>>> print(open('final-v4.tsv').read())   # TSV, C-alpha atoms
chain	number	residue	atom	x	y	z
A	1014	MET	CA	15.20	7.79	7.95
A	1015	GLN	CA	15.16	8.96	4.34
A	1016	TYR	CA	12.45	11.35	3.16
A	1017	ARG	CA	11.07	11.91	-0.32
A	1018	LYS	CA	8.65	14.37	-1.88
A	1019	LEU	CA	5.18	12.88	-2.31
A	1020	GLY	CA	4.48	14.36	-5.71
A	1021	LYS	CA	2.53	17.59	-5.90
A	1022	THR	CA	1.24	17.22	-2.35
A	1023	GLY	CA	4.50	18.89	-1.37
A	1024	MET	CA	4.75	16.59	1.65
A	1025	ASN	CA	8.16	15.15	2.54
A	1026	VAL	CA	7.36	11.63	3.65
A	1027	SER	CA	9.44	8.78	5.01
A	1028	ALA	CA	10.66	6.51	2.23
A	1029	ILE	CA	9.54	3.53	4.31
A	1030	SER	CA	6.20	4.43	5.81
A	1031	LEU	CA	3.51	2.26	7.39
A	1032	GLY	CA	0.42	0.53	6.08
A	1033	THR	CA	-2.11	-0.43	8.76
A	1034	TRP	CA	-4.27	-3.16	7.27
A	1035	GLN	CA	-3.08	-5.60	9.96
A	1036	VAL	CA	-1.57	-3.19	12.50
A	1037	GLY	CA	-3.93	-4.41	15.24
A	1038	GLY	CA	-2.84	-8.02	14.86
A	1039	LYS	CA	-2.95	-10.81	12.32
A	1040	TRP	CA	-5.38	-10.66	9.42
A	1041	GLY	CA	-8.75	-11.94	10.52
A	1042	ALA	CA	-8.02	-11.65	14.23
A	1043	ASP	CA	-9.73	-9.33	16.67
A	1044	PHE	CA	-8.21	-5.85	16.66
A	1045	ASP	CA	-5.70	-5.38	19.48
A	1046	HIS	CA	-5.46	-1.66	20.28
A	1047	ALA	CA	-2.51	-2.15	22.62
A	1048	ASN	CA	-0.54	-3.89	19.88
A	1049	ALA	CA	-1.55	-1.20	17.39
A	1050	ASP	CA	-0.44	1.56	19.76
A	1051	ASN	CA	2.91	-0.16	20.26
A	1052	ILE	CA	3.57	-0.47	16.53
A	1053	LEU	CA	2.35	3.01	15.65
A	1054	ASN	CA	4.31	4.72	18.42
A	1055	LYS	CA	7.45	2.80	17.55
A	1056	ALA	CA	7.04	3.69	13.89
A	1057	ILE	CA	6.74	7.39	14.68
A	1058	ASP	CA	9.66	7.26	17.10
A	1059	SER	CA	11.71	5.64	14.31
A	1060	GLY	CA	11.10	8.56	11.96
A	1061	ILE	CA	8.08	7.31	10.01
A	1062	ASN	CA	5.88	10.33	9.33
A	1063	PHE	CA	3.34	8.91	6.85
A	1064	ILE	CA	0.71	6.38	7.89
A	1065	ASP	CA	-1.82	4.83	5.54
A	1066	THR	CA	-5.12	3.40	6.76
A	1067	ALA	CA	-8.67	2.86	5.48
A	1068	ASP	CA	-12.17	3.03	6.87
A	1069	VAL	CA	-12.71	-0.69	6.25
A	1070	TYR	CA	-9.60	-1.87	8.11
A	1071	SER	CA	-11.08	-3.68	11.10
A	1072	ASP	CA	-14.32	-1.71	10.63
A	1073	GLY	CA	-12.77	1.63	11.53
A	1074	GLU	CA	-10.65	0.42	14.44
A	1075	SER	CA	-7.44	0.99	12.47
A	1076	GLU	CA	-8.45	4.62	11.82
A	1077	LYS	CA	-9.15	5.12	15.52
A	1078	ALA	CA	-5.73	3.79	16.46
A	1079	VAL	CA	-3.99	5.92	13.84
A	1080	GLY	CA	-5.82	9.04	14.95
A	1081	ARG	CA	-4.92	8.39	18.57
A	1082	ALA	CA	-1.24	8.00	17.71
A	1083	ILE	CA	-1.21	11.21	15.68
A	1084	ARG	CA	-2.92	13.21	18.41
A	1085	ASN	CA	-0.43	11.92	20.99
A	1086	HIS	CA	2.64	13.15	19.11
A	1087	LYS	CA	3.80	16.72	18.66
A	1088	GLU	CA	5.72	16.09	15.44
A	1089	LYS	CA	3.86	16.35	12.15
A	1090	ILE	CA	2.57	12.97	11.04
A	1091	TYR	CA	0.82	12.76	7.71
A	1092	VAL	CA	-2.20	10.50	7.57
A	1093	ALA	CA	-3.80	8.94	4.52
A	1094	THR	CA	-7.05	7.03	4.53
A	1095	LYS	CA	-9.26	5.49	1.88
A	1096	CYS	CA	-12.97	5.36	1.14
A	1097	GLY	CA	-15.36	3.40	-1.03
A	1098	ARG	CA	-14.87	-0.22	-0.05
A	1099	GLN	CA	-17.75	-0.04	2.43
A	1100	LEU	CA	-20.14	0.02	-0.51
A	1101	GLN	CA	-22.11	-3.19	-0.86
A	1102	PRO	CA	-22.36	-4.25	-3.56
A	1103	HIS	CA	-19.06	-2.69	-4.57
A	1104	ILE	CA	-20.12	-1.55	-8.04
A	1105	ASP	CA	-19.83	1.62	-10.11
A	1106	ALA	CA	-23.44	2.68	-9.52
A	1107	ALA	CA	-22.92	2.64	-5.75
A	1108	TYR	CA	-20.29	5.37	-6.01
A	1109	GLN	CA	-22.18	8.60	-5.39
A	1110	PRO	CA	-20.70	11.90	-4.15
A	1111	ALA	CA	-23.09	12.19	-1.20
A	1112	VAL	CA	-22.20	8.70	0.02
A	1113	LEU	CA	-18.47	9.26	-0.36
A	1114	ARG	CA	-18.77	12.54	1.53
A	1115	LYS	CA	-20.31	10.67	4.49
A	1116	PHE	CA	-17.46	8.17	4.43
A	1117	VAL	CA	-14.87	10.97	4.61
A	1118	GLU	CA	-16.74	12.66	7.44
A	1119	SER	CA	-16.89	9.35	9.32
A	1120	SER	CA	-13.13	8.95	8.89
A	1121	LEU	CA	-12.59	12.40	10.36
A	1122	SER	CA	-14.72	11.37	13.32
A	1123	ASN	CA	-12.94	8.03	13.73
A	1124	MET	CA	-9.53	9.71	13.83
A	1125	GLY	CA	-10.58	12.77	15.80
A	1126	LEU	CA	-8.99	15.08	13.23
A	1127	GLU	CA	-10.14	18.33	11.67
A	1128	THR	CA	-8.58	17.57	8.30
A	1129	ILE	CA	-7.07	14.56	6.54
A	1130	ASP	CA	-3.81	14.98	4.65
A	1131	LEU	CA	-4.74	12.52	1.91
A	1132	VAL	CA	-8.00	10.75	1.07
A	1133	GLN	CA	-7.89	8.04	-1.59
A	1134	LEU	CA	-10.56	6.22	-3.51
A	1135	HIS	CA	-10.16	2.61	-2.38
A	1136	CYS	CA	-9.74	0.47	-5.49
A	1137	PRO	CA	-13.06	1.41	-7.10
A	1138	PRO	CA	-14.42	-0.36	-10.18
A	1139	THR	CA	-12.71	0.76	-13.38
A	1140	ALA	CA	-15.79	2.66	-14.57
A	1141	VAL	CA	-15.52	5.08	-11.63
A	1142	TYR	CA	-12.35	6.55	-13.15
A	1143	TYR	CA	-14.44	7.83	-16.04
A	1144	ARG	CA	-16.82	9.88	-13.86
A	1145	PRO	CA	-15.66	13.48	-13.29
A	1146	GLU	CA	-18.33	14.16	-10.66
A	1147	ILE	CA	-16.64	11.69	-8.31
A	1148	PHE	CA	-13.33	13.53	-8.54
A	1149	GLU	CA	-15.00	16.95	-8.28
A	1150	LEU	CA	-16.33	15.99	-4.86
A	1151	PHE	CA	-12.82	15.96	-3.44
A	1152	ASP	CA	-12.16	19.50	-4.67
A	1153	LYS	CA	-15.21	20.56	-2.65
A	1154	LEU	CA	-13.99	18.68	0.41
A	1155	LYS	CA	-10.63	20.41	0.08
A	1156	GLN	CA	-12.30	23.81	-0.17
A	1157	GLU	CA	-14.19	22.99	3.02
A	1158	GLY	CA	-10.93	22.12	4.76
A	1159	LYS	CA	-11.90	18.50	5.40
A	1160	ILE	CA	-9.08	17.13	3.28
A	1161	GLN	CA	-5.78	18.45	1.97
A	1162	ASN	CA	-5.19	16.14	-0.99
A	1163	MET	CA	-6.95	13.53	-3.08
A	1164	GLY	CA	-5.48	10.30	-4.41
A	1165	VAL	CA	-6.44	6.85	-5.61
A	1166	SER	CA	-5.55	3.30	-4.73
A	1167	VAL	CA	-5.74	1.13	-7.83
A	1168	GLU	CA	-5.68	-2.47	-8.94
A	1169	LYS	CA	-4.61	-1.95	-12.54
A	1170	VAL	CA	-2.12	0.16	-14.46
A	1171	GLU	CA	-4.99	1.13	-16.77
A	1172	GLU	CA	-6.82	2.68	-13.81
A	1173	ALA	CA	-3.70	4.50	-12.64
A	1174	LEU	CA	-3.14	6.05	-16.05
A	1175	LYS	CA	-6.76	7.16	-16.27
A	1176	ALA	CA	-6.76	8.56	-12.73
A	1177	ILE	CA	-3.82	10.90	-13.31
A	1178	GLU	CA	-5.74	12.59	-16.12
A	1179	PHE	CA	-7.60	14.34	-13.28
A	1180	GLU	CA	-5.55	17.31	-12.10
A	1181	ASN	CA	-6.58	16.92	-8.47
A	1182	VAL	CA	-5.21	13.38	-8.23
A	1183	THR	CA	-1.98	13.98	-6.35
A	1184	THR	CA	-1.00	10.39	-5.56
A	1185	VAL	CA	-1.50	6.85	-6.79
A	1186	GLN	CA	-1.19	3.85	-4.51
A	1187	ILE	CA	-0.31	0.78	-6.52
A	1188	ILE	CA	0.97	-2.77	-6.02
A	1189	PHE	CA	4.61	-3.02	-7.05
A	1190	ASN	CA	7.27	-5.52	-6.03
A	1191	MET	CA	9.72	-8.08	-7.39
A	1192	PHE	CA	6.74	-10.20	-8.48
A	1193	ARG	CA	4.60	-7.34	-9.81
A	1194	GLN	CA	6.70	-5.21	-12.13
A	1195	ARG	CA	4.37	-3.88	-14.79
A	1196	PRO	CA	3.85	-0.40	-13.25
A	1197	ALA	CA	7.50	0.41	-13.96
A	1198	GLU	CA	7.04	-0.01	-17.72
A	1199	LEU	CA	4.89	3.04	-18.49
A	1200	PHE	CA	2.97	4.28	-15.48
A	1201	PHE	CA	5.94	5.41	-13.38
A	1202	ARG	CA	7.19	7.54	-16.24
A	1203	GLU	CA	3.79	9.14	-16.84
A	1204	ALA	CA	3.26	9.80	-13.13
A	1205	LYS	CA	6.65	11.47	-12.89
A	1206	LYS	CA	5.77	13.76	-15.80
A	1207	LYS	CA	2.69	14.95	-13.91
A	1208	ASN	CA	4.43	15.11	-10.53
A	1209	VAL	CA	2.10	12.48	-9.08
A	1210	GLY	CA	3.36	10.77	-5.94
A	1211	ILE	CA	3.67	6.98	-6.06
A	1212	ILE	CA	2.83	5.03	-2.93
A	1213	VAL	CA	3.83	1.38	-3.23
A	1214	ARG	CA	1.58	-1.08	-1.47
A	1215	VAL	CA	1.88	-4.87	-1.00
A	1216	PRO	CA	5.66	-4.54	-1.44
A	1217	LEU	CA	6.32	-8.00	0.00
A	1218	ALA	CA	3.62	-9.83	-1.99
A	1219	SER	CA	1.59	-10.60	1.16
A	1220	GLY	CA	4.69	-11.92	2.89
A	1221	LEU	CA	5.90	-14.22	0.11
A	1222	LEU	CA	8.98	-12.07	-0.40
A	1223	THR	CA	10.08	-12.47	3.20
A	1224	GLY	CA	11.27	-15.94	2.19
A	1225	LYS	CA	9.77	-17.41	5.35
A	1226	PHE	CA	6.86	-19.35	3.84
A	1227	SER	CA	6.79	-22.95	2.64
A	1228	SER	CA	4.29	-25.45	1.28
A	1229	SER	CA	3.43	-26.40	4.85
A	1230	THR	CA	2.80	-22.83	6.05
A	1231	SER	CA	-0.76	-22.47	7.31
A	1232	PHE	CA	-2.84	-19.30	7.44
A	1233	SER	CA	-5.82	-18.67	9.69
A	1234	GLU	CA	-9.38	-18.89	8.40
A	1235	GLY	CA	-9.78	-15.10	8.49
A	1236	ASP	CA	-6.50	-14.43	6.67
A	1237	HIS	CA	-6.95	-13.35	3.04
A	1238	ARG	CA	-3.93	-15.49	2.15
A	1239	GLN	CA	-6.11	-18.47	3.03
A	1240	PHE	CA	-9.52	-17.50	1.62
A	1241	ASN	CA	-8.76	-15.15	-1.29
A	1242	ARG	CA	-6.19	-16.98	-3.39
A	1243	ASN	CA	-8.70	-17.26	-6.22
A	1244	GLY	CA	-10.18	-13.80	-5.74
A	1245	ASP	CA	-13.34	-15.04	-4.01
A	1246	ALA	CA	-13.57	-12.01	-1.67
A	1247	PHE	CA	-11.80	-9.22	-3.58
A	1248	ASP	CA	-9.35	-8.76	-6.43
A	1249	LYS	CA	-7.05	-11.76	-6.70
A	1250	GLY	CA	-4.08	-9.48	-7.24
A	1251	GLU	CA	-4.25	-8.31	-3.63
A	1252	THR	CA	-3.22	-11.76	-2.38
A	1253	PHE	CA	0.37	-12.82	-3.10
A	1254	SER	CA	0.27	-10.22	-5.92
A	1255	GLY	CA	-1.89	-12.66	-7.86
A	1256	ILE	CA	0.87	-15.26	-8.07
A	1257	ASP	CA	0.06	-18.95	-7.73
A	1258	TYR	CA	1.36	-19.81	-4.26
A	1259	GLU	CA	3.55	-22.76	-5.25
A	1260	THR	CA	4.96	-20.82	-8.20
A	1261	GLY	CA	5.75	-17.98	-5.83
A	1262	LEU	CA	7.59	-20.33	-3.48
A	1263	ALA	CA	9.71	-21.63	-6.38
A	1264	ALA	CA	10.55	-18.06	-7.38
A	1265	VAL	CA	11.51	-17.21	-3.81
A	1266	GLU	CA	13.87	-20.18	-3.71
A	1267	ALA	CA	15.53	-18.82	-6.84
A	1268	LEU	CA	15.89	-15.43	-5.12
A	1269	LYS	CA	17.57	-17.10	-2.15
A	1270	HIS	CA	20.32	-18.31	-4.47
A	1271	ILE	CA	20.95	-14.71	-5.51
A	1272	PHE	CA	21.18	-13.63	-1.87
A	1273	PRO	CA	22.70	-16.63	-0.06
A	1274	GLY	CA	22.64	-16.68	3.72
A	1275	LYS	CA	19.72	-14.25	3.97
A	1276	GLU	CA	17.00	-15.88	6.04
A	1277	ASN	CA	14.82	-12.77	5.76
A	1278	LEU	CA	14.51	-11.44	2.22
A	1279	ALA	CA	12.14	-8.61	3.18
A	1280	PRO	CA	14.79	-5.86	3.52
A	1281	ILE	CA	16.24	-6.82	0.15
A	1282	ALA	CA	12.81	-6.79	-1.50
A	1283	LEU	CA	12.13	-3.33	-0.05
A	1284	LYS	CA	15.57	-2.02	-1.07
A	1285	TRP	CA	14.86	-3.22	-4.62
A	1286	ILE	CA	11.82	-0.92	-4.69
A	1287	LEU	CA	13.61	2.02	-3.07
A	1288	GLN	CA	16.23	2.00	-5.82
A	1289	ILE	CA	13.57	3.22	-8.25
A	1290	ASP	CA	13.51	7.01	-7.98
A	1291	ALA	CA	9.92	7.34	-9.26
A	1292	VAL	CA	8.72	5.75	-6.00
A	1293	SER	CA	7.78	8.24	-3.30
A	1294	CYS	CA	7.31	5.79	-0.44
A	1295	ILE	CA	6.57	2.20	0.48
A	1296	ILE	CA	3.87	1.22	2.97
A	1297	PRO	CA	4.63	-2.30	4.22
A	1298	GLY	CA	2.41	-3.44	7.04
A	1299	ALA	CA	3.35	-4.81	10.43
A	1300	SER	CA	1.37	-6.93	12.86
A	1301	ALA	CA	4.23	-6.99	15.37
A	1302	SER	CA	7.05	-4.61	16.24
A	1303	ASN	CA	9.76	-6.98	14.99
A	1304	GLN	CA	8.22	-6.79	11.51
A	1305	LEU	CA	8.57	-3.02	11.70
A	1306	ASP	CA	12.27	-3.49	12.56
A	1307	SER	CA	12.67	-5.74	9.54
A	1308	ASN	CA	11.07	-3.20	7.23
A	1309	LEU	CA	13.20	-0.32	8.49
A	1310	SER	CA	16.41	-2.34	8.18
A	1311	ALA	CA	16.10	-1.97	4.39
A	1312	LEU	CA	17.43	1.55	4.83
A	1313	ASP	CA	20.71	0.23	6.25
A	1314	ILE	CA	21.69	-2.32	3.62
A	1315	PRO	CA	23.70	-1.54	0.47
A	1316	ASP	CA	22.00	-0.99	-2.86
A	1317	LEU	CA	21.59	-4.11	-4.95
A	1318	THR	CA	24.36	-4.45	-7.51
A	1319	THR	CA	23.81	-4.39	-11.26
A	1320	GLU	CA	24.39	-8.15	-11.29
A	1321	GLN	CA	21.87	-8.76	-8.50
A	1322	LEU	CA	19.27	-6.57	-10.19
A	1323	ALA	CA	19.73	-8.51	-13.43
A	1324	ALA	CA	19.39	-11.81	-11.58
A	1325	VAL	CA	16.15	-10.67	-9.92
A	1326	GLN	CA	14.84	-9.71	-13.34
A	1327	ASP	CA	15.71	-13.16	-14.65
A	1328	VAL	CA	13.67	-14.74	-11.85
A	1329	TYR	CA	10.71	-12.55	-12.77
A	1330	GLU	CA	11.01	-13.45	-16.44
A	1331	LYS	CA	11.31	-17.19	-15.73
A	1332	TYR	CA	8.70	-17.70	-13.01
A	1333	ILE	CA	6.29	-14.79	-12.90
A	1334	LYS	CA	5.88	-12.65	-15.99
A	1335	LYS	CA	4.02	-15.04	-18.27
A	1336	SER	CA	1.22	-15.75	-15.79
A	1337	VAL	CA	0.45	-12.33	-14.35
A	1338	HIS	CA	2.24	-9.47	-16.09
A	1339	GLN	CA	-0.64	-8.30	-18.28
A	1340	LEU	CA	-3.42	-8.93	-15.75
A	1341	TRP	CA	-2.87	-5.81	-13.68
>>> encode(input="final-v4.tsv", output="structure tokens")
Amino acid sequence: MQYRKLGKTGMNVSAISLGTWQVGGKWGADFDHANADNILNKAIDSGINFIDTADVYSDGESEKAVGRAIRNHKEKIYVATKCGRQLQPHIDAAYQPAVLRKFVESSLSNMGLETIDLVQLHCPPTAVYYRPEIFELFDKLKQEGKIQNMGVSVEKVEEALKAIEFENVTTVQIIFNMFRQRPAELFFREAKKKNVGIIVRVPLASGLLTGKFSSSTSFSEGDHRQFNRNGDAFDKGETFSGIDYETGLAAVEALKHIFPGKENLAPIALKWILQIDAVSCIIPGASASNQLDSNLSALDIPDLTTEQLAAVQDVYEKYIKKSVHQLW
């Protein structure tokens, strides 16, 4: 395993870490604690020491599984969770310090921990980033020992840039992958100046970048890749990185020509991200242990060559950039 400094948190975290949105099984399925335990324990045994969850993942069941795994291991495992998405309606006015405090305290209870290494605002409305009292709450929670660090998970580069104006924002979790390249233009540079850790989420564009999907691939009714393609449930950019599905498939076919003979493009897509030194860690998910193996195999393959990197950029310019680049 490779380890990198997570910005001014001072934590050395595994370059490939673990996101737990679907760790208990497929999206939309009942949470399987046995499956979650298997994946989490295997991840830790493989050297992963940073696990990201959220209070809304399977209504707290993901947090419970993560907490159980951490308590059952002697080695230091850093845990990050998120708060805010429970708010209904999910609007600026609903974000109040007292409510967010209760969410954090519930997460502590779910995980059976005395303190949380990193608590992140969970993709709040843009207006929230302009309210100092929200960010001040997390200083108080740190003083009380309930959290160690505060971060944000964002939808837009604009939000990321605004968030790092607050000194106590130690990390930003942001979507970045071969099909979502805008953060590398300005934000990565600004985050590096302020020693803010960058946690890359949705690194495989909801599975598109595995190269295993086709026009005939079906997704279950509860899977966001089925019901959220137009942003009906939450931000469209969360699903396939906002790319039109058929356009994404065409782009993936072009990538396969760059990397012939590779049935699984996921390790290559992850390696592409890891070659950017501004990135602290990646948090791909896994709903089965073989997906965890695939993610970790990115550490064992050679860096992409200059020619391959240029070819990937050409695919982005031809298929992706015009339709989504400025949206997030």
>>> closest_residue(input="final-v4.tsv", among="A:Thr1319, A:Ser1075, A:Asn1085, A:Ser1231", to="Thr1033 (chain A)", atoms="only C-alpha atoms")
A:Ser1075
>>> residues_around(input="final-v4.tsv", residues="region 1253-1264 of chain A", least_positions_apart="2", cutoff="6 Å", atoms="all atoms listed in the file", output="PyMOL selection string")
chain A and resi 1218-1219+1249-1251+1266-1267+1332
>>> closest_residue(input="final-v4.tsv", among="A:Tyr1329, A:Trp1034, A:Tyr1091, A:Tyr1142", to="Glu1076 (chain A)", atoms="only C-alpha atoms")
A:Trp1034
>>> residues_around(input="final-v4.tsv", residues="Ser1071 (chain A)", least_positions_apart="6", cutoff="10 Å", atoms="all atoms listed in the file", output="PyMOL selection string")
chain A and resi 1033-1037+1040-1044
>>> write_last_selection(input="final-v4.tsv", atoms="C-alpha atoms", output="PDB file, in the frame of the given file")
ATOM      1  CA  THR A1033      -2.110  -0.430   8.760  1.00  0.00           C
ATOM      2  CA  TRP A1034      -4.270  -3.160   7.270  1.00  0.00           C
ATOM      3  CA  GLN A1035      -3.080  -5.600   9.960  1.00  0.00           C
ATOM      4  CA  VAL A1036      -1.570  -3.190  12.500  1.00  0.00           C
ATOM      5  CA  GLY A1037      -3.930  -4.410  15.240  1.00  0.00           C
ATOM      6  CA  TRP A1040      -5.380 -10.660   9.420  1.00  0.00           C
ATOM      7  CA  GLY A1041      -8.750 -11.940  10.520  1.00  0.00           C
ATOM      8  CA  ALA A1042      -8.020 -11.650  14.230  1.00  0.00           C
ATOM      9  CA  ASP A1043      -9.730  -9.330  16.670  1.00  0.00           C
ATOM     10  CA  PHE A1044      -8.210  -5.850  16.660  1.00  0.00           C
TER      11      PHE A1044
END
>>> atom_distance(input="final-v4.tsv", atom1="CA of Ala1067 (chain A)", atom2="CA of Asn1123 (chain A)")
10.6 Å
>>> residues_near_point(input="final-v4.tsv", point="(-10.1, 20.3, -2.1)", cutoff="12 Å", atoms="all atoms listed in the file", output="PyMOL selection string")
chain A and resi 1022+1128-1132+1148-1164+1180-1183
>>> atom_distance(input="final-v4.tsv", atom1="CA of Gln1339 (chain A)", atom2="CA of Pro1216 (chain A)")
18.4 Å
>>> residues_around(input="final-v4.tsv", residues="Ala1204 (chain A)", least_positions_apart="2", cutoff="9 Å", atoms="only C-alpha atoms", output="list in words")
Gly1020, Ala1173, Leu1174, Ile1177, Thr1184, Val1185, Leu1199, Phe1200, Phe1201, Arg1202, Lys1206, Lys1207, Asn1208, Val1209, Gly1210, Ile1211 and Ala1291 of chain A
>>> atom_distance(input="final-v4.tsv", atom1="CA of Leu1283 (chain A)", atom2="CA of Ser1030 (chain A)")
11.4 Å
>>> residues_around(input="final-v4.tsv", residues="Asn1025 (chain A)", least_positions_apart="5", cutoff="12 Å", atoms="all atoms listed in the file", output="PyMOL selection string")
chain A and resi 1014-1020+1030+1060-1063+1089-1091+1210+1293-1294
>>> residues_around(input="final-v4.tsv", residues="Gln1194 (chain A)", least_positions_apart="3", cutoff="9 Å", atoms="only C-alpha atoms", output="list of chain:residue names")
A:Ile1188, A:Phe1189, A:Asn1190, A:Met1191, A:Ala1197, A:Glu1198, A:Tyr1329, A:Lys1334, A:His1338
>>> axis_aligned_box(input="final-v4.tsv", around="region 1289-1304 of chain A", padding_each_side="4 Å", output="lines of an AutoDock Vina configuration file")
center_x = 7.5
center_y = 0.6
center_z = 3.5
size_x = 20.2
size_y = 23.2
size_z = 33.5
